[in-house]
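Undergrad: Structure supplied as query.csv; contents: CSV, C-alpha atoms.
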```csv
chain,number,residue,atom,x,y,z
A,1,MET,CA,109.7,95.0,114.8
A,2,LEU,CA,106.9,93.8,112.6
A,3,LEU,CA,105.9,90.3,111.9
A,4,THR,CA,105.4,89.4,108.2
A,5,GLN,CA,103.4,86.7,106.5
A,6,SER,CA,103.8,86.0,102.8
A,7,PHE,CA,101.5,84.3,100.4
A,8,ASN,CA,101.8,83.1,96.8
A,9,SER,CA,98.2,83.7,96.0
A,10,VAL,CA,95.6,86.2,97.3
A,11,ASN,CA,93.3,83.2,97.8
A,12,GLU,CA,95.7,81.8,100.4
A,13,ILE,CA,95.1,84.8,102.8
A,14,ASP,CA,93.0,83.8,105.8
A,15,GLY,CA,89.4,85.0,105.5
A,16,ASP,CA,89.6,86.3,109.1
A,17,PHE,CA,92.0,89.0,107.8
A,18,VAL,CA,89.8,90.2,105.0
A,19,PRO,CA,87.6,92.7,106.9
A,20,ALA,CA,90.7,94.4,108.4
A,21,LEU,CA,92.4,94.5,104.9
A,22,GLU,CA,89.3,96.1,103.4
A,23,GLN,CA,89.4,98.8,106.0
A,24,LEU,CA,93.2,99.3,105.5
A,25,LEU,CA,92.8,99.5,101.7
A,26,ALA,CA,89.5,101.4,101.8
A,27,GLN,CA,90.8,104.3,99.7
A,28,TYR,CA,92.5,102.1,97.2
A,29,ILE,CA,90.2,99.2,96.2
A,30,PRO,CA,86.4,98.7,96.4
A,31,SER,CA,86.7,95.3,98.1
A,32,PHE,CA,88.9,92.3,98.6
A,33,GLN,CA,87.3,90.9,95.4
A,34,SER,CA,89.3,93.5,93.4
A,35,LEU,CA,92.6,91.8,94.4
A,36,GLN,CA,91.2,88.3,93.5
A,37,ASP,CA,90.0,89.5,90.1
A,38,TYR,CA,93.3,91.2,89.3
A,39,GLU,CA,95.2,88.0,90.0
A,40,LYS,CA,92.7,85.9,88.1
A,41,ASN,CA,92.9,88.1,85.0
A,42,ALA,CA,96.7,88.6,85.1
A,43,ALA,CA,99.0,87.1,82.3
A,44,LYS,CA,99.2,83.3,82.9
A,45,ASP,CA,103.0,83.4,83.3
A,46,ASN,CA,102.9,86.1,86.0
A,47,LEU,CA,103.5,85.1,89.6
A,48,PHE,CA,102.6,87.0,92.8
A,49,SER,CA,103.7,87.5,96.4
A,50,TYR,CA,101.5,89.1,99.0
A,51,TYR,CA,102.8,90.4,102.3
A,52,LEU,CA,100.8,91.0,105.5
A,53,PHE,CA,102.4,93.0,108.3
A,54,PHE,CA,101.5,92.6,111.9
A,55,GLY,CA,102.4,94.6,115.0
A,56,LYS,CA,103.5,92.7,118.1
A,57,LYS,CA,100.2,93.4,119.9
A,58,THR,CA,97.9,93.3,116.9
A,59,ASN,CA,95.9,90.4,115.5
A,60,ALA,CA,94.8,92.3,112.4
A,61,PRO,CA,97.2,93.3,109.6
A,62,ILE,CA,98.6,96.9,109.8
A,63,GLY,CA,100.2,96.7,106.4
A,64,PHE,CA,99.8,95.1,103.0
A,65,ALA,CA,102.0,94.8,99.9
A,66,GLN,CA,101.6,93.1,96.6
A,67,VAL,CA,104.4,92.1,94.2
A,68,GLU,CA,103.8,90.9,90.7
A,69,PHE,CA,106.6,89.0,88.9
A,70,GLU,CA,106.6,89.5,85.1
A,71,LYS,CA,108.6,87.2,83.0
A,72,LYS,CA,111.3,88.9,80.9
A,73,GLN,CA,114.2,87.6,78.7
A,74,PRO,CA,115.7,84.1,79.2
A,75,ILE,CA,118.6,83.7,81.5
A,76,LYS,CA,121.7,82.7,79.5
A,77,GLN,CA,122.9,79.1,80.3
A,78,SER,CA,126.1,77.3,79.6
A,79,LEU,CA,126.1,74.2,77.4
A,80,ILE,CA,126.5,72.0,80.5
A,81,GLU,CA,123.5,73.7,82.2
A,82,ARG,CA,121.4,73.3,79.1
A,83,TYR,CA,122.4,69.6,78.8
A,84,VAL,CA,121.7,68.9,82.5
A,85,LYS,CA,118.4,70.8,82.6
A,86,LYS,CA,117.5,69.6,79.1
A,87,SER,CA,114.8,71.8,77.6
A,88,GLN,CA,114.0,73.7,80.8
A,89,VAL,CA,114.4,77.5,80.3
A,90,HIS,CA,114.6,80.0,83.2
A,91,PHE,CA,113.7,83.6,82.8
A,92,TYR,CA,114.7,86.9,84.4
A,93,LYS,CA,111.8,88.7,86.1
A,94,THR,CA,110.7,92.2,86.9
A,95,ALA,CA,109.2,92.5,90.4
A,96,LYS,CA,106.5,95.2,90.3
A,97,TRP,CA,105.1,96.3,93.7
A,98,HIS,CA,101.6,97.2,92.6
A,99,ILE,CA,98.2,97.1,94.4
A,100,PRO,CA,95.5,97.4,91.8
A,101,GLY,CA,93.0,100.2,92.2
A,102,ALA,CA,92.9,103.9,92.3
A,103,HIS,CA,96.5,104.8,93.3
A,104,ASN,CA,98.9,102.1,92.0
A,105,GLU,CA,101.0,102.1,95.1
A,106,GLY,CA,102.9,99.0,96.1
A,107,ILE,CA,102.6,99.0,99.9
A,108,ILE,CA,100.0,100.5,102.3
A,109,PHE,CA,100.4,100.6,106.0
A,110,ASP,CA,98.9,102.2,109.1
A,111,PRO,CA,100.7,105.5,109.7
A,112,ARG,CA,101.2,104.6,113.4
A,113,TYR,CA,103.7,101.9,112.3
A,114,ALA,CA,105.5,104.0,109.7
A,115,HIS,CA,109.0,103.5,110.9
A,116,GLU,CA,108.8,99.7,111.4
A,117,ALA,CA,106.9,99.2,108.1
A,118,SER,CA,109.5,101.2,106.2
A,119,GLN,CA,112.3,99.0,107.5
A,120,ALA,CA,110.3,95.8,106.7
A,121,THR,CA,109.6,97.1,103.2
A,122,SER,CA,113.3,97.9,102.6
A,123,ASP,CA,114.4,94.5,103.9
A,124,LEU,CA,111.9,92.7,101.5
A,125,PHE,CA,113.0,94.9,98.6
A,126,LYS,CA,116.7,94.0,99.2
A,127,GLN,CA,115.9,90.3,99.6
A,128,LEU,CA,114.1,90.2,96.3
A,129,MET,CA,117.0,92.0,94.6
A,130,GLN,CA,119.4,89.4,95.8
A,131,ARG,CA,117.5,86.6,94.0
A,132,THR,CA,119.3,85.4,90.9
A,133,ASP,CA,116.2,85.5,88.8
A,134,ILE,CA,115.2,89.1,89.6
A,135,LEU,CA,116.5,91.7,87.1
A,136,LYS,CA,114.5,94.8,88.0
A,137,GLN,CA,112.2,96.1,90.7
A,138,ASP,CA,109.6,98.9,90.6
A,139,LEU,CA,107.9,100.4,93.6
A,140,THR,CA,105.5,103.4,93.9
A,141,TYR,CA,104.6,104.9,97.2
A,142,SER,CA,103.2,108.1,98.7
A,143,HIS,CA,105.6,111.0,99.1
A,144,LYS,CA,104.2,111.5,102.6
A,145,GLU,CA,106.0,108.3,103.7
A,146,ALA,CA,109.2,110.1,104.6
A,147,SER,CA,110.5,107.1,106.7
A,148,LEU,CA,110.1,104.8,103.7
A,149,ASP,CA,111.8,107.3,101.3
A,150,ALA,CA,114.9,107.4,103.5
A,151,GLN,CA,115.4,103.6,103.1
A,152,PHE,CA,116.0,103.8,99.3
A,153,VAL,CA,119.3,105.6,98.9
A,154,ASN,CA,122.0,103.8,96.9
A,155,GLU,CA,123.7,103.9,93.5
A,156,ASN,CA,121.5,101.2,92.0
A,157,ILE,CA,118.2,103.0,92.7
A,158,SER,CA,116.7,105.8,90.7
A,159,LYS,CA,113.8,107.9,91.9
A,160,HIS,CA,111.1,109.8,90.1
A,161,HIS,CA,108.6,112.2,91.6
A,162,LEU,CA,105.2,112.6,90.0
A,163,PHE,CA,101.7,113.9,90.8
A,164,GLN,CA,98.7,111.6,90.4
A,165,ILE,CA,95.0,112.0,91.1
A,166,ASP,CA,94.1,111.1,94.7
A,167,PHE,CA,90.3,111.7,95.2
A,168,LEU,CA,87.5,114.2,95.1
A,169,LEU,CA,86.4,115.1,98.6
A,170,LYS,CA,82.7,115.7,99.3
A,171,ASN,CA,82.9,119.2,101.0
A,172,THR,CA,79.5,120.5,99.9
A,173,ASP,CA,75.9,119.3,100.4
A,174,SER,CA,74.9,118.9,96.7
A,175,TYR,CA,76.1,118.6,93.2
A,176,GLN,CA,75.0,122.2,92.4
A,177,SER,CA,76.9,123.5,95.3
A,178,TYR,CA,80.0,121.6,94.1
A,179,LEU,CA,79.6,123.2,90.7
A,180,ASN,CA,79.3,126.7,92.2
A,181,LYS,CA,82.6,126.3,94.0
A,182,LEU,CA,84.6,125.7,90.8
A,183,GLU,CA,86.4,128.4,89.0
A,184,LYS,CA,84.1,130.4,86.7
A,185,ASN,CA,85.9,129.3,83.5
A,186,ASP,CA,85.5,125.6,84.6
A,187,GLN,CA,81.9,126.1,85.4
A,188,THR,CA,81.2,127.6,82.0
A,189,LYS,CA,83.0,124.7,80.3
A,190,LEU,CA,81.0,122.1,82.1
A,191,LYS,CA,77.7,123.8,81.6
A,192,LEU,CA,78.4,123.9,77.8
A,193,ALA,CA,79.3,120.1,78.0
A,194,TRP,CA,76.0,119.4,79.7
A,195,LYS,CA,74.1,121.6,77.1
A,196,ASN,CA,75.7,119.6,74.3
A,197,VAL,CA,74.5,116.3,75.9
A,198,GLN,CA,71.0,117.3,76.7
A,199,GLN,CA,70.1,119.8,74.0
A,200,LYS,CA,72.3,119.2,70.9
A,201,LEU,CA,72.7,115.4,71.1
A,202,ASN,CA,69.5,114.8,73.0
A,203,TYR,CA,70.9,112.0,75.1
A,204,ASN,CA,69.1,110.9,78.2
A,205,ILE,CA,70.8,109.9,81.5
A,206,GLY,CA,70.1,106.5,82.9
A,207,ASP,CA,70.8,105.0,86.3
A,208,TYR,CA,70.5,101.2,86.7
A,209,GLU,CA,71.3,98.5,89.3
A,210,ASN,CA,72.6,95.9,87.0
A,211,LEU,CA,74.2,95.8,83.6
A,212,LYS,CA,71.5,94.0,81.6
A,213,GLU,CA,68.9,96.6,82.5
A,214,CYS,CA,70.9,99.3,80.8
A,215,PHE,CA,70.2,97.7,77.4
A,216,ALA,CA,66.6,96.8,77.8
A,217,TYR,CA,63.9,98.3,75.6
A,218,LYS,CA,66.5,99.7,73.1
A,219,SER,CA,66.3,98.7,69.5
A,220,ASN,CA,70.1,97.9,69.4
A,221,GLY,CA,70.3,97.0,73.0
A,222,ALA,CA,70.4,93.2,72.7
A,223,ALA,CA,73.3,93.3,70.3
A,224,GLN,CA,75.2,95.8,72.5
A,225,TYR,CA,74.7,93.7,75.6
A,226,LYS,CA,75.8,90.5,73.9
A,227,THR,CA,79.1,92.2,73.0
A,228,ILE,CA,79.8,94.1,76.2
A,229,LYS,CA,79.1,91.2,78.6
A,230,LYS,CA,82.1,89.4,77.1
A,231,ASP,CA,84.5,92.3,77.6
A,232,GLU,CA,87.3,91.3,80.1
A,233,LYS,CA,87.2,94.6,81.9
A,234,VAL,CA,83.4,94.4,82.3
A,235,LEU,CA,83.5,90.8,83.4
A,236,SER,CA,85.9,91.6,86.2
A,237,TYR,CA,83.6,94.3,87.5
A,238,LEU,CA,80.6,92.0,87.3
A,239,GLN,CA,82.4,89.8,89.9
A,240,GLU,CA,82.5,92.7,92.3
A,241,THR,CA,80.8,92.0,95.6
A,242,ALA,CA,80.3,95.6,96.6
A,243,LYS,CA,77.2,97.5,95.6
A,244,THR,CA,77.4,98.8,92.0
A,245,HIS,CA,75.5,101.3,89.9
A,246,PHE,CA,75.5,101.7,86.1
A,247,LEU,CA,75.1,105.2,84.6
A,248,THR,CA,74.3,105.7,81.0
A,249,LEU,CA,73.9,108.3,78.3
A,250,GLU,CA,71.3,106.8,76.0
A,251,THR,CA,68.8,107.1,73.2
A,252,ASN,CA,65.9,104.9,72.3
A,253,ASP,CA,68.2,103.0,70.0
A,254,ALA,CA,71.4,102.4,72.1
A,255,VAL,CA,73.6,103.1,75.0
A,256,LYS,CA,76.1,105.8,74.0
A,257,ALA,CA,78.1,105.9,77.2
A,258,LEU,CA,78.4,103.6,80.2
A,259,ILE,CA,80.0,104.2,83.6
A,260,ILE,CA,80.2,101.8,86.6
A,261,VAL,CA,80.0,103.3,90.1
A,262,ILE,CA,81.0,101.1,93.1
A,263,GLU,CA,80.3,101.8,96.7
A,264,GLY,CA,83.4,100.8,98.7
A,265,HIS,CA,84.1,100.9,102.4
A,266,ALA,CA,84.2,103.9,104.8
A,267,GLY,CA,82.5,106.3,102.4
A,268,ASN,CA,84.9,105.6,99.5
A,269,ILE,CA,83.2,105.5,96.0
A,270,PHE,CA,85.0,104.2,92.9
A,271,TYR,CA,84.1,104.6,89.2
A,272,ASP,CA,85.3,103.6,85.8
A,273,LEU,CA,84.3,104.2,82.1
A,274,LEU,CA,83.1,101.1,80.3
A,275,ILE,CA,81.7,102.7,77.1
A,276,THR,CA,82.7,106.2,75.8
A,277,CYS,CA,81.3,108.2,72.9
A,278,PRO,CA,83.4,110.2,70.3
A,279,ASN,CA,80.9,113.0,70.4
A,280,LEU,CA,81.6,113.8,74.0
A,281,THR,CA,84.5,115.3,76.0
A,282,GLU,CA,85.7,113.1,78.8
A,283,GLU,CA,84.7,115.7,81.5
A,284,ILE,CA,81.1,114.7,81.1
A,285,TYR,CA,81.7,111.2,82.2
A,286,HIS,CA,83.4,112.4,85.4
A,287,GLN,CA,80.6,114.9,86.0
A,288,MET,CA,78.0,112.1,85.7
A,289,SER,CA,80.0,110.1,88.3
A,290,ILE,CA,80.3,113.2,90.6
A,291,MET,CA,76.6,113.8,90.4
A,292,LYS,CA,76.0,110.2,91.5
A,293,PHE,CA,78.6,110.6,94.2
A,294,TYR,CA,76.6,113.4,95.7
A,295,GLU,CA,73.4,111.4,95.6
A,296,ILE,CA,74.9,108.6,97.7
A,297,ALA,CA,74.3,109.7,101.3
A,298,SER,CA,77.3,107.8,102.9
A,299,SER,CA,79.9,109.0,100.3
A,300,LYS,CA,83.0,110.9,101.4
A,301,ARG,CA,85.7,110.4,98.7
A,302,LEU,CA,85.4,109.7,95.0
A,303,HIS,CA,88.2,107.7,93.2
A,304,PHE,CA,88.7,107.1,89.5
A,305,LEU,CA,89.9,103.6,88.6
A,306,GLY,CA,90.7,104.3,84.9
A,307,ASP,CA,93.8,105.5,83.1
A,308,ILE,CA,94.5,109.2,83.6
A,309,ASN,CA,96.2,111.2,80.8
A,310,ASP,CA,95.6,114.7,81.9
A,311,THR,CA,95.8,115.5,85.7
A,312,ASN,CA,95.0,119.2,85.0
A,313,SER,CA,91.5,118.2,83.8
A,314,PHE,CA,90.8,116.4,87.0
A,315,LYS,CA,92.3,119.2,89.1
A,316,SER,CA,90.0,121.7,87.4
A,317,GLN,CA,87.1,119.5,88.4
A,318,GLY,CA,88.1,119.6,92.1
A,319,PHE,CA,90.1,116.4,92.5
A,320,ILE,CA,93.0,116.5,94.9
A,321,LEU,CA,96.5,115.6,93.6
A,322,LYS,CA,98.9,113.4,95.5
A,323,GLU,CA,102.7,113.3,95.1
A,324,LYS,CA,104.2,109.9,94.5
A,325,ILE,CA,107.7,108.5,94.3
A,326,GLN,CA,108.6,105.8,91.9
A,327,ILE,CA,111.6,103.6,92.7
A,328,HIS,CA,113.4,101.7,90.0
A,329,SER,CA,116.2,99.3,90.8
A,330,THR,CA,118.2,97.4,88.1
A,331,LYS,CA,121.1,95.0,88.4
A,332,ASN,CA,124.3,95.9,86.6
```
Written as structure tokens, how would this file's structure read?
TA:
Amino acid sequence: MLLTQSFNSVNEIDGDFVPALEQLLAQYIPSFQSLQDYEKNAAKDNLFSYYLFFGKKTNAPIGFAQVEFEKKQPIKQSLIERYVKKSQVHFYKTAKWHIPGAHNEGIIFDPRYAHEASQATSDLFKQLMQRTDILKQDLTYSHKEASLDAQFVNENISKHHLFQIDFLLKNTDSYQSYLNKLEKNDQTKLKLAWKNVQQKLNYNIGDYENLKECFAYKSNGAAQYKTIKKDEKVLSYLQETAKTHFLTLETNDAVKALIIVIEGHAGNIFYDLLITCPNLTEEIYHQMSIMKFYEIASSKRLHFLGDINDTNSFKSQGFILKEKIQIHSTKN
């Protein structure tokens, strides 16, 4: 049986647990700061619950779950209730089990505690569903968690299987070796994309340690920087405590494309797109990130933090797919 601690804010979690959490979540978030930024930037009416799981003989957490409560339609009240409670309005909520980052799963735990963690998750799920203000619950988890999957079988639960991008594994010694291992058609497509960037559009590739440097010495750079430094997505990344790199496609006039690359824990590298250019196919941004990934000596796995519309494109570039299960539970 596992011990569970719950918190209403990520900032309530004891700092002594942070290093162990960062190791547990190494393939999901760049750092603990990512959780803090997500809560800080969430809709003001949304509430959170965080759960840490501990084994009987462990002082460090072996599991972590995050639940976000989104306000939905008002709960109907009788005339008496409205009179007694005056203007107070209560709302139904949707409970979304969701850890921000590369995989959108709701719970992560050490595989050695799979059975106990599955039971603990199921118990929490049922407890939340018994609350009068919870109308729906959503949970995504890895298909490999067979013990967890067995817990969610009843008439009020629907399941959906889907494939999502997991990561790119560094299994060669250089970017060129990586390219040579791809299918010939994919190699040709990527070579044409690079040719378009370097010869037709005549864009240069930049690599910077901070955001402001990206826009220095460009005729339109100051105006660009003034705008982008106010962007909410960019602002959240600027709070990141892990080491970051900024990759650009640029001319003497302006930055045409901008990518952030973040060095996480245990060889996990994360990246996201901050500025994109209509003249380019999306593959070129991922290839720039992969090239940087191969330059970082300690890197092992590369994770994309952005939205993914086409898993086939990532698969053709060597990314591994992962099967997930989405659980939806709704009260009658």
Undergrad: Which neighbours of Gln23 of chain A fall inside 10 Å, counting all atoms listed in the file, when residues of the same chain fewer than 6 positions from it are skipped, and could you give them as a ChimeraX atom specification?
TA: /A:29,31-32,264-266
Undergrad: Could you build a table of the residues in segment 210-323 of chain A lying no more than 12 Å from segment 127-145 of chain A, giving for each the nearest pair of atoms and their separation in Å rounded to one decimal place, using all atoms listed in the file, ordered by chain and ascending residue number, as a tab-separated table?
TA:
```
residue	atom	partner	partner_atom	distance
A:Leu321	CA	A:Ser142	CA	11.3
A:Lys322	CA	A:Ser142	CA	7.5
A:Glu323	CA	A:His143	CA	5.4
```
Undergrad: Which one is closest to Ser316 of chain A: A:Met291, A:Leu179, A:Ala117, A:Cys214? Count all atoms listed in the file.
TA: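 For Ser316 of chain A, the nearest of the candidates is A:Leu179.
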Undergrad: In Å, with one decimal, what is the gap from atom CA of Ile308 of chain A to atom CA of Tyr271 of chain A?
TA: 12.7 Å
Undergrad: Under the rule that all atoms listed in the file are counted, which of A:Leu168, A:Leu2, A:Ile205, A:Leu273 is the nearest residue to Lys315 of chain A?
TA: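 Result for the nearest residue to Lys315 of chain A: A:Leu168.
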Undergrad: Between atom CA of Tyr38 of chain A and atom CA of Asp272 of chain A, what is the spacing in Å?
TA: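 Atom-to-atom, atom CA of Asp272 of chain A and atom CA of Tyr38 of chain A are spaced 15.2 Å apart.
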Undergrad: Give as a VMD selection string the set of residues within 12 Å of the point (89.5, 115.4, 103.2), where distances use the file's coordinates and all atoms listed in the file.
TA: chain A and resid 27 166 to 172 267 to 268 299 to 302 318 to 321
Undergrad: Calculate how many Å separate atom CA of Gln326 of chain A from atom CA of His161 of chain A, rounding to one decimal.
TA: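 Value for the atom CA of Gln326 of chain A-atom CA of His161 of chain A distance: 6.4 Å.
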Undergrad: Have a look at A:Leu182, A:Leu247, A:Ile259, A:Ala223 and name the one nearest to Gln317 of chain A; count only C-alpha atoms.
TA: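 Among the listed residues, the smallest separation from Gln317 of chain A belongs to A:Leu182.
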Undergrad: Using all atoms listed in the file, which of A:Ile275, A:Ile284, A:Leu258, A:Leu211 sits nearest Trp194 of chain A?
TA: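 Under the stated criterion, the closest residue is A:Ile284.
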Undergrad: Let me make sure I understand: among A:Leu235, A:Ala150, A:Leu201, A:Ile260, which one has the smallest atom-to-atom distance to Pro278 of chain A if we use all atoms listed in the file?
TA: A:Leu201
Undergrad: Identify, on the basis of all atoms listed in the file, every residue whose closest approach to segment 188-193 of chain A does not exceed 8 Å; exclude the query and any residue fewer than 2 positions from it along the same chain; express the result as a PyMOL selection string.
TA: chain A and resi 184-186+195-197+280-281+283-284
Undergrad: Could you tell me which of A:Leu162, A:Ala114, A:Leu124, A:Ile228 comes closest to Asp149 of chain A if we count all atoms listed in the file?
TA: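 Closest residue, counting all atoms listed in the file: A:Ala114.
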Undergrad: Excluding same-chain residues fewer than 4 positions from Leu24 of chain A, what lies within 8 Å of it counting all atoms listed in the file, as a PyMOL selection string?
TA: chain A and resi 20+62-63+108-110
